[in-house]
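Student: Handing you a structure now.
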Amino acid sequence: MPGPCPLTSGGAHPFPDLAHGASAGFNLAGGMIMNFRCGMLSAAVLALTSATGPAHADRCDDLARQLKNQIDGLGIGRTTANVIYLSHPAAKQLRLGCTSRSVTNELFAQSPTRKPAPAFTELVASAGAVVFTIPKQDTLRGSQRCLSRMGLLRGNDIKMRFRRLDFRCTRDKTSAAISMSRGRDE
């Protein structure tokens, strides 16, 4: 008779009716089938426990910690449904959106004034460079272009594309906001 299966309690076989067949001539073959099945069962349990990789939130949390380490004065707030709220003195609101069906990552920043200060555009450029792994100069130029295009002729809602990033700048009577994202297909 084969040894006990380690996955079952008390050392009993998971399929005792198969291990002890109706005829005595099949005990050895039944035992080999049991050892094979017990081995397959333990392999399946091992595969299920080791196959679960890190969740999207872990990757996003790592990105937020990386932002905090590289940008002075940045704080990490609460996390809700693929969005991590950040804080910085130069921004009224700052959010990091994580991977979804349509975008890889998204950075949203809102300025406390209608005409953003240079410190705000520097913050957006630094955060965008870390999130999208492109040079800071490119994100700075893209955010400055987007923010400068808002006005009387083009309106208060600007959508543009620069260096494979989608920029959207909006403005109301008291504040201005910028959003940077990259599509899933890029």
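If you're wondering about the labels, chains in the structure tokens are A, B, ... by order shown, residues count from 1 in each chain, ligands from 1 in order shown.
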Tell me which protein, DNA and RNA residues are within 7 Å of Leu140 of chain A, counting only C-alpha atoms, leaving out same-chain ones fewer than 5 positions away, and put them as number ranges by chain.

Tutor: A: 121-122, 125

Student: Using only C-alpha atoms for the distances, tell me which of A:Cys98, A:Leu63, A:Leu107, A:Ala119 is nearest to Arg168 of chain A.

Tutor: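 Counting only C-alpha atoms, the residue closest to Arg168 of chain A is A:Leu107.
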
Student: Just to confirm, what's the straight-line distance from atom CA of Arg141 of chain A to atom CA of Gln66 of chain A in Å (one decimal)?

Tutor: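 Separation between atom CA of Arg141 of chain A and atom CA of Gln66 of chain A: 22.3 Å.
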
Student: Could you jot down the atom CA of Asp157 of chain A to atom CA of Ala81 of chain A separation for me, Å, one decimal place?

Tutor: 26.3 Å

Student: Using Å and a single decimal, report how far atom CA of Ser111 of chain A sits from atom CA of Lys92 of chain A.

Tutor: 5.3 Å

Student: Using only C-alpha atoms, find the one residue out of A:Ser148, A:Gln70, A:Ser175, A:Asn82 that sits nearest to Thr99 of chain A.

Tutor: A:Asn82
